[in-house]
file final39.cif (mmCIF, C-alpha atoms)
data_upload
loop_
_atom_site.group_PDB
_atom_site.id
_atom_site.type_symbol
_atom_site.label_atom_id
_atom_site.label_comp_id
_atom_site.auth_asym_id
_atom_site.auth_seq_id
_atom_site.Cartn_x
_atom_site.Cartn_y
_atom_site.Cartn_z
ATOM 1 C CA LEU A 153 -88.913 -51.633 111.341
ATOM 2 C CA THR A 154 -86.452 -50.693 108.653
ATOM 3 C CA TRP A 155 -85.689 -53.088 105.817
ATOM 4 C CA ARG A 156 -82.251 -53.711 107.318
ATOM 5 C CA ARG A 157 -83.726 -54.815 110.623
ATOM 6 C CA VAL A 158 -86.227 -56.995 108.796
ATOM 7 C CA ALA A 159 -83.389 -58.574 106.827
ATOM 8 C CA VAL A 160 -81.359 -59.229 109.984
ATOM 9 C CA LEU A 161 -84.409 -60.641 111.767
ATOM 10 C CA ALA A 162 -85.232 -62.893 108.804
ATOM 11 C CA PHE A 163 -81.644 -64.160 108.707
ATOM 12 C CA CYS A 164 -81.676 -64.905 112.451
ATOM 13 C CA VAL A 165 -84.998 -66.760 112.201
ATOM 14 C CA ALA A 166 -83.798 -68.813 109.225
ATOM 15 C CA PHE A 167 -80.514 -69.608 110.968
ATOM 16 C CA LEU A 168 -82.233 -70.719 114.171
ATOM 17 C CA ALA A 169 -84.755 -72.785 112.207
ATOM 18 C CA GLN A 170 -81.928 -74.532 110.379
ATOM 19 C CA GLN A 171 -80.195 -75.275 113.689
ATOM 20 C CA ILE A 172 -83.390 -76.954 114.917
ATOM 21 C CA VAL A 173 -84.514 -78.744 111.738
ATOM 22 C CA THR A 174 -81.157 -80.229 110.723
ATOM 23 C CA PRO A 175 -80.578 -82.212 113.957
ATOM 24 C CA LEU A 176 -84.161 -83.517 113.887
ATOM 25 C CA ARG A 177 -84.345 -84.463 110.194
ATOM 26 C CA HIS A 178 -83.696 -88.142 110.975
ATOM 27 C CA TYR A 179 -87.294 -88.385 112.207
ATOM 28 C CA THR A 180 -88.410 -88.011 108.572
ATOM 29 C CA TYR A 181 -86.677 -91.285 107.613
ATOM 30 C CA PRO A 182 -88.628 -94.542 108.036
ATOM 31 C CA ASN A 183 -85.915 -96.643 109.682
ATOM 32 C CA ASP A 184 -83.867 -96.365 112.866
ATOM 33 C CA VAL A 185 -81.145 -93.721 112.428
ATOM 34 C CA THR A 186 -78.893 -95.717 114.761
ATOM 35 C CA TRP A 187 -78.966 -98.548 112.206
ATOM 36 C CA THR A 188 -79.192 -96.880 108.794
ATOM 37 C CA GLU A 189 -77.354 -93.662 109.786
ATOM 38 C CA GLU A 190 -79.644 -91.636 107.539
ATOM 39 C CA GLY A 191 -79.702 -88.181 109.102
ATOM 40 C CA HIS A 192 -77.070 -89.165 111.671
ATOM 41 C CA ARG A 193 -74.643 -86.318 111.063
ATOM 42 C CA PHE A 194 -75.225 -82.984 112.778
ATOM 43 C CA ALA A 195 -78.018 -84.645 114.769
ATOM 44 C CA TRP A 196 -76.692 -84.445 118.345
ATOM 45 C CA ARG A 197 -76.383 -88.233 118.314
ATOM 46 C CA MET A 198 -72.636 -88.641 118.733
ATOM 47 C CA LYS A 199 -71.467 -91.451 121.063
ATOM 48 C CA LEU A 200 -74.969 -92.918 121.283
ATOM 49 C CA ARG A 201 -74.167 -96.128 119.470
ATOM 50 C CA ASP A 202 -71.404 -98.672 119.078
ATOM 51 C CA LYS A 203 -71.463 -100.572 115.826
ATOM 52 C CA ALA A 204 -69.398 -103.451 114.504
ATOM 53 C CA GLY A 205 -69.707 -105.005 111.071
ATOM 54 C CA MET A 206 -68.390 -107.597 108.653
ATOM 55 C CA THR A 207 -68.759 -106.828 104.957
ATOM 56 C CA LYS A 208 -67.854 -108.898 101.904
ATOM 57 C CA TYR A 209 -68.583 -108.018 98.275
ATOM 58 C CA TYR A 210 -69.300 -110.582 95.564
ATOM 59 C CA TYR A 211 -69.525 -109.741 91.875
ATOM 60 C CA ARG A 212 -70.247 -111.452 88.588
ATOM 61 C CA ALA A 213 -71.213 -110.552 85.028
ATOM 62 C CA ARG A 214 -74.861 -109.793 84.398
ATOM 63 C CA ALA A 215 -76.897 -112.410 82.559
ATOM 64 C CA GLU A 216 -77.623 -110.073 79.633
ATOM 65 C CA ASP A 217 -73.909 -109.308 79.267
ATOM 66 C CA VAL A 218 -73.101 -113.024 79.098
ATOM 67 C CA ALA A 219 -75.727 -113.527 76.398
ATOM 68 C CA ASN A 220 -74.311 -110.665 74.307
ATOM 69 C CA ALA A 221 -70.623 -111.104 75.113
ATOM 70 C CA THR A 222 -68.154 -111.539 72.276
ATOM 71 C CA ASP A 223 -64.922 -111.264 74.278
ATOM 72 C CA ALA A 224 -63.087 -113.456 76.751
ATOM 73 C CA HIS A 225 -63.658 -111.130 79.699
ATOM 74 C CA VAL A 226 -67.022 -112.683 80.520
ATOM 75 C CA ASP A 227 -67.213 -116.206 81.941
ATOM 76 C CA PRO A 228 -70.411 -117.889 80.672
ATOM 77 C CA ALA A 229 -70.682 -119.768 83.972
ATOM 78 C CA ARG A 230 -71.049 -116.442 85.854
ATOM 79 C CA PRO A 231 -69.382 -117.611 89.071
ATOM 80 C CA TRP A 232 -69.484 -115.310 92.077
ATOM 81 C CA GLN A 233 -66.092 -113.769 92.786
ATOM 82 C CA LEU A 234 -65.001 -112.113 96.017
ATOM 83 C CA VAL A 235 -63.756 -108.532 95.812
ATOM 84 C CA PRO A 236 -60.224 -108.383 97.331
ATOM 85 C CA LEU A 237 -60.768 -105.436 99.659
ATOM 86 C CA ASN A 238 -57.090 -105.189 100.624
ATOM 87 C CA ARG A 239 -56.287 -104.111 97.059
ATOM 88 C CA PHE A 240 -58.432 -101.000 97.330
ATOM 89 C CA LEU A 241 -58.781 -100.122 101.011
ATOM 90 C CA GLN A 242 -56.584 -99.869 104.068
ATOM 91 C CA GLU A 243 -57.471 -101.903 107.140
ATOM 92 C CA ARG A 244 -58.823 -98.824 108.917
ATOM 93 C CA GLN A 245 -61.068 -98.022 105.923
ATOM 94 C CA ILE A 246 -62.361 -101.605 105.821
ATOM 95 C CA ARG A 247 -63.248 -101.356 109.493
ATOM 96 C CA LYS A 248 -64.893 -97.952 109.088
ATOM 97 C CA ILE A 249 -67.141 -98.757 106.128
ATOM 98 C CA SER A 250 -68.321 -102.099 107.507
ATOM 99 C CA GLY A 251 -71.765 -101.654 108.991
ATOM 100 C CA ARG A 252 -72.366 -98.249 107.372
ATOM 101 C CA PRO A 253 -74.831 -98.501 104.471
ATOM 102 C CA GLU A 254 -73.832 -95.251 102.784
ATOM 103 C CA THR A 255 -70.126 -96.042 102.607
ATOM 104 C CA ILE A 256 -70.847 -99.637 101.573
ATOM 105 C CA HIS A 257 -72.885 -98.321 98.657
ATOM 106 C CA LEU A 258 -70.152 -95.838 97.747
ATOM 107 C CA PHE A 259 -67.581 -98.639 97.571
ATOM 108 C CA VAL A 260 -69.915 -100.738 95.420
ATOM 109 C CA GLU A 261 -70.300 -97.791 93.050
ATOM 110 C CA PHE A 262 -66.531 -97.276 92.981
ATOM 111 C CA PHE A 263 -65.804 -100.911 92.192
ATOM 112 C CA ALA A 264 -68.528 -101.208 89.550
ATOM 113 C CA SER A 265 -67.702 -97.952 87.743
ATOM 114 C CA GLU A 266 -63.971 -97.469 88.259
ATOM 115 C CA VAL A 267 -62.594 -101.006 88.517
ATOM 116 C CA TYR A 268 -64.879 -103.495 86.771
ATOM 117 C CA ALA A 269 -66.442 -101.433 83.975
ATOM 118 C CA PRO A 270 -63.197 -100.153 82.359
ATOM 119 C CA ALA A 271 -61.921 -103.723 82.078
ATOM 120 C CA HIS A 272 -65.197 -105.058 80.634
ATOM 121 C CA GLY A 273 -66.105 -102.664 77.873
ATOM 122 C CA GLY A 274 -68.054 -100.318 80.132
ATOM 123 C CA ARG A 275 -70.362 -103.045 81.430
ATOM 124 C CA ARG A 276 -71.189 -102.961 85.129
ATOM 125 C CA PRO A 277 -71.343 -106.156 87.198
ATOM 126 C CA GLU A 278 -73.984 -107.536 89.474
ATOM 127 C CA ILE A 279 -72.828 -107.080 93.062
ATOM 128 C CA ARG A 280 -74.192 -108.732 96.177
ATOM 129 C CA VAL A 281 -73.106 -107.577 99.617
ATOM 130 C CA VAL A 282 -72.801 -109.849 102.629
ATOM 131 C CA CYS A 283 -72.987 -107.482 105.566
ATOM 132 C CA VAL A 284 -73.471 -108.688 109.123
ATOM 133 C CA ALA A 285 -73.639 -105.938 111.734
ATOM 134 C CA SER A 286 -74.389 -105.382 115.385
ATOM 135 C CA VAL A 287 -75.362 -102.097 117.018
ATOM 136 C CA ASN A 288 -74.875 -101.613 120.741
ATOM 137 C CA TYR A 289 -73.897 -105.285 121.088
ATOM 138 C CA ARG A 290 -77.232 -106.657 119.927
ATOM 139 C CA VAL A 291 -77.463 -110.039 118.245
ATOM 140 C CA PRO A 292 -75.656 -109.706 114.880
ATOM 141 C CA GLN A 293 -77.985 -109.542 111.888
ATOM 142 C CA PHE A 294 -77.863 -108.903 108.164
ATOM 143 C CA MET A 295 -77.722 -105.208 107.389
ATOM 144 C CA ILE A 296 -78.214 -105.716 103.640
ATOM 145 C CA ASP A 297 -80.339 -108.422 102.053
ATOM 146 C CA PRO A 298 -77.786 -110.575 100.150
ATOM 147 C CA ARG A 299 -80.381 -111.114 97.408
ATOM 148 C CA VAL A 300 -80.250 -107.436 96.397
ATOM 149 C CA ASP A 301 -78.049 -106.290 93.514
ATOM 150 C CA VAL A 302 -76.564 -103.209 95.183
ATOM 151 C CA ALA A 303 -74.798 -102.135 91.984
ATOM 152 C CA ALA A 304 -78.216 -101.541 90.376
ATOM 153 C CA ILE A 305 -79.150 -98.915 92.984
ATOM 154 C CA ARG A 306 -78.500 -95.297 92.137
ATOM 155 C CA PRO A 307 -76.170 -93.486 94.539
ATOM 156 C CA TRP A 308 -77.823 -91.258 97.134
ATOM 157 C CA THR A 309 -81.201 -92.956 96.714
ATOM 158 C CA TRP A 310 -83.236 -92.416 99.854
ATOM 159 C CA PRO A 311 -84.713 -93.762 101.919
ATOM 160 C CA ALA A 312 -82.376 -96.762 101.837
ATOM 161 C CA TRP A 313 -84.999 -99.441 101.095
ATOM 162 C CA TRP A 314 -82.245 -101.991 100.518
ATOM 163 C CA VAL A 315 -81.158 -101.888 104.168
ATOM 164 C CA VAL A 316 -82.774 -104.573 106.321
ATOM 165 C CA PRO A 317 -84.708 -102.961 109.224
ATOM 166 C CA LEU A 318 -83.215 -103.303 112.681
ATOM 167 C CA LEU A 319 -84.778 -106.290 114.408
ATOM 168 C CA PRO A 320 -86.582 -105.659 117.728
ATOM 169 C CA LEU A 321 -84.384 -105.872 120.806
ATOM 170 C CA GLY A 322 -84.259 -109.428 122.126
ATOM 171 C CA THR A 323 -84.937 -111.138 118.774
ATOM 172 C CA THR A 324 -82.987 -114.375 118.523
ATOM 173 C CA GLU A 325 -84.763 -116.169 115.663
ATOM 174 C CA SER A 326 -85.081 -114.551 112.249
ATOM 175 C CA VAL A 327 -84.075 -115.274 108.676
ATOM 176 C CA PHE A 328 -82.030 -112.071 108.909
ATOM 177 C CA ILE A 329 -79.871 -113.478 111.719
ATOM 178 C CA PRO A 330 -76.977 -115.346 110.069
ATOM 179 C CA LYS A 331 -76.315 -118.908 111.077
ATOM 180 C CA GLY A 332 -72.967 -120.655 111.371
ATOM 181 C CA GLY A 333 -71.021 -117.996 113.254
ATOM 182 C CA ARG A 334 -67.903 -119.006 115.122
ATOM 183 C CA GLU A 335 -67.574 -118.514 118.860
ATOM 184 C CA PRO A 336 -64.352 -116.930 120.235
ATOM 185 C CA THR A 337 -61.726 -119.643 120.550
ATOM 186 C CA SER A 338 -60.410 -118.151 123.781
ATOM 187 C CA GLY A 339 -63.761 -118.501 125.482
ATOM 188 C CA VAL A 340 -63.673 -114.782 126.312
ATOM 189 C CA THR A 341 -66.333 -112.471 124.867
ATOM 190 C CA ASP A 342 -64.877 -110.378 122.035
ATOM 191 C CA TYR A 343 -65.824 -106.696 122.161
ATOM 192 C CA THR A 344 -63.458 -105.409 119.458
ATOM 193 C CA LYS A 345 -64.620 -103.705 116.256
ATOM 194 C CA MET A 346 -63.395 -106.651 114.158
ATOM 195 C CA ARG A 347 -65.235 -109.307 116.180
ATOM 196 C CA LEU A 348 -67.773 -110.025 113.435
ATOM 197 C CA TYR A 349 -65.023 -110.696 110.895
ATOM 198 C CA ARG A 350 -63.689 -113.409 113.157
ATOM 199 C CA ALA A 351 -67.189 -114.812 113.648
ATOM 200 C CA TYR A 352 -68.630 -114.664 110.109
ATOM 201 C CA GLU A 353 -65.916 -114.042 107.524
ATOM 202 C CA HIS A 354 -65.710 -117.762 106.711
ATOM 203 C CA LEU A 355 -69.305 -117.826 105.426
ATOM 204 C CA THR A 356 -69.777 -117.655 101.676
ATOM 205 C CA LEU A 357 -72.508 -115.966 99.663
ATOM 206 C CA GLU A 358 -73.860 -119.335 98.565
ATOM 207 C CA GLN A 359 -74.180 -120.504 102.178
ATOM 208 C CA LEU A 360 -76.050 -117.373 103.177
ATOM 209 C CA LEU A 361 -78.342 -117.396 100.142
ATOM 210 C CA ALA A 362 -79.331 -120.955 101.072
ATOM 211 C CA GLN A 363 -80.658 -119.539 104.331
ATOM 212 C CA PHE A 364 -83.267 -117.622 102.312
ATOM 213 C CA ASP A 365 -84.615 -120.598 100.356
ATOM 214 C CA GLY A 366 -88.400 -120.364 100.328
ATOM 215 C CA VAL A 367 -88.432 -116.966 102.060
ATOM 216 C CA PRO A 368 -90.447 -114.196 100.336
ATOM 217 C CA ASP A 369 -88.184 -111.524 98.927
ATOM 218 C CA ASN A 370 -89.687 -108.648 100.916
ATOM 219 C CA VAL A 371 -86.607 -106.427 100.882
ATOM 220 C CA GLY A 372 -85.094 -107.476 97.603
ATOM 221 C CA THR A 373 -88.184 -107.188 95.421
ATOM 222 C CA ARG A 374 -87.072 -103.783 94.140
ATOM 223 C CA THR A 375 -85.478 -103.793 90.708
ATOM 224 C CA ALA A 376 -83.455 -101.405 88.622
ATOM 225 C CA VAL A 377 -86.737 -99.645 87.781
ATOM 226 C CA ASP A 378 -87.082 -98.579 91.417
ATOM 227 C CA THR A 379 -83.562 -97.212 91.462
ATOM 228 C CA ALA A 380 -84.506 -94.562 88.907
ATOM 229 C CA ALA A 381 -86.091 -92.431 91.637
ATOM 230 C CA PRO A 382 -84.770 -88.849 91.908
ATOM 231 C CA ARG A 383 -81.421 -88.610 93.596
ATOM 232 C CA ALA A 384 -81.142 -87.064 96.995
ATOM 233 C CA ARG A 385 -78.089 -86.833 99.172
ATOM 234 C CA ASP A 386 -77.272 -86.220 102.757
ATOM 235 C CA GLU A 387 -73.795 -85.063 103.651
ATOM 236 C CA LYS A 388 -71.213 -86.983 101.662
ATOM 237 C CA THR A 389 -68.946 -89.343 103.535
ATOM 238 C CA GLU A 390 -65.339 -89.834 102.492
ATOM 239 C CA ILE A 391 -63.719 -93.206 103.019
#

call {"tool": "encode", "arguments": {"input": "final39.cif", "output": "structure tokens"}}
result
Amino acid sequence: LTWRRVAVLAFCVAFLAQQIVTPLRHYTYPNDVTWTEEGHRFAWRMKLRDKAGMTKYYYRARAEDVANATDAHVDPARPWQLVPLNRFLQERQIRKISGRPETIHLFVEFFASEVYAPAHGGRRPEIRVVCVASVNYRVPQFMIDPRVDVAAIRPWTWPAWWVVPLLPLGTTESVFIPKGGREPTSGVTDYTKMRLYRAYEHLTLEQLLAQFDGVPDNVGTRTAVDTAAPRARDEKTEI
């Protein structure tokens, strides 16, 4: 074999290997790709899942910033405030990012770095995410533990330890299944993408946190120290 043929053969082998490895890379992630979407793109998994979500973002000043604050931008009471999504996203974008951990994290990073920090002397807020999602019409469950400060997680950290694992099919009782959802007023089952907003948007962060009273913080035990792991990124998603 000439060096040219060897080079062509090596290129073909590498190309074919990439075509096989890339679609199967989701098997290297610990959680269900249908739920976390880690390794979902280019994985021959299109049209295999239907997902609906409801996502709300709450922010407040960090405790250390309140202790050191000398300006009027920081409220010593540190009340939770709801991010007005309509100011930053179109309705289609709100629908698209709900139930998708990567895009949820990207919006948190955008709000913390580009909206909150410039108005507060470069300080980033604490952000909790209330995200209720359902995949393939399963019982809705929390996708993100509301006790986790998502703003403290570095972008592109993987695997996404802050995403609650998908509950086994048929589970009806779990601390990660939100309580207090509203049934459709028409009496007809709602199959639209916005169905979880109508069912759970009225719930507040305080109500949902009360659901976790006395529950070990298995998902949210990670701290900012854990978020210092090396960055890794899958294909970037634009919202």

call {"tool": "atom_distance", "arguments": {"input": "final39.cif", "atom1": "atom CA of Arg197 of chain A", "atom2": "atom CA of Val173 of chain A"}}
result
14.1 Å

call {"tool": "residues_around", "arguments": {"input": "final39.cif", "residues": "Val302 of chain A", "least_positions_apart": "3", "cutoff": "7 Å", "atoms": "only C-alpha atoms", "output": "number ranges by chain"}}
result
A: 279-280, 305

call {"tool": "write_last_selection", "arguments": {"input": "final39.cif", "atoms": "C-alpha atoms", "output": "compact mmCIF listing (two decimals), keeping the file's coordinate frame"}}
result
# COMPACT_ATOMS: atom_id res chain seq x y z
CA ILE A 279 -72.83 -107.08 93.06
CA ARG A 280 -74.19 -108.73 96.18
CA ILE A 305 -79.15 -98.92 92.98

call {"tool": "resolve_selection", "arguments": {"input": "final39.cif", "expression": "the PyMOL selection byres ((chain A and resi 199-214) around 9)", "output": "ChimeraX atom specification"}}
result
/A:186-187,197-198,215-219,226-228,230-237,246-252,256,260,264,275-289,292,295,344-353,356-357

call {"tool": "atom_distance", "arguments": {"input": "final39.cif", "atom1": "atom CA of Asp297 of chain A", "atom2": "atom CA of Trp314 of chain A"}}
result
6.9 Å

call {"tool": "atom_distance", "arguments": {"input": "final39.cif", "atom1": "atom CA of Thr180 of chain A", "atom2": "atom CA of Pro311 of chain A"}}
result
9.5 Å

call {"tool": "residues_near_point", "arguments": {"input": "final39.cif", "point": "(-82.7, -97.1, 103.8)", "cutoff": "9 Å", "atoms": "all atoms listed in the file", "output": "number ranges by chain"}}
result
A: 181-183, 188-190, 253, 309-317
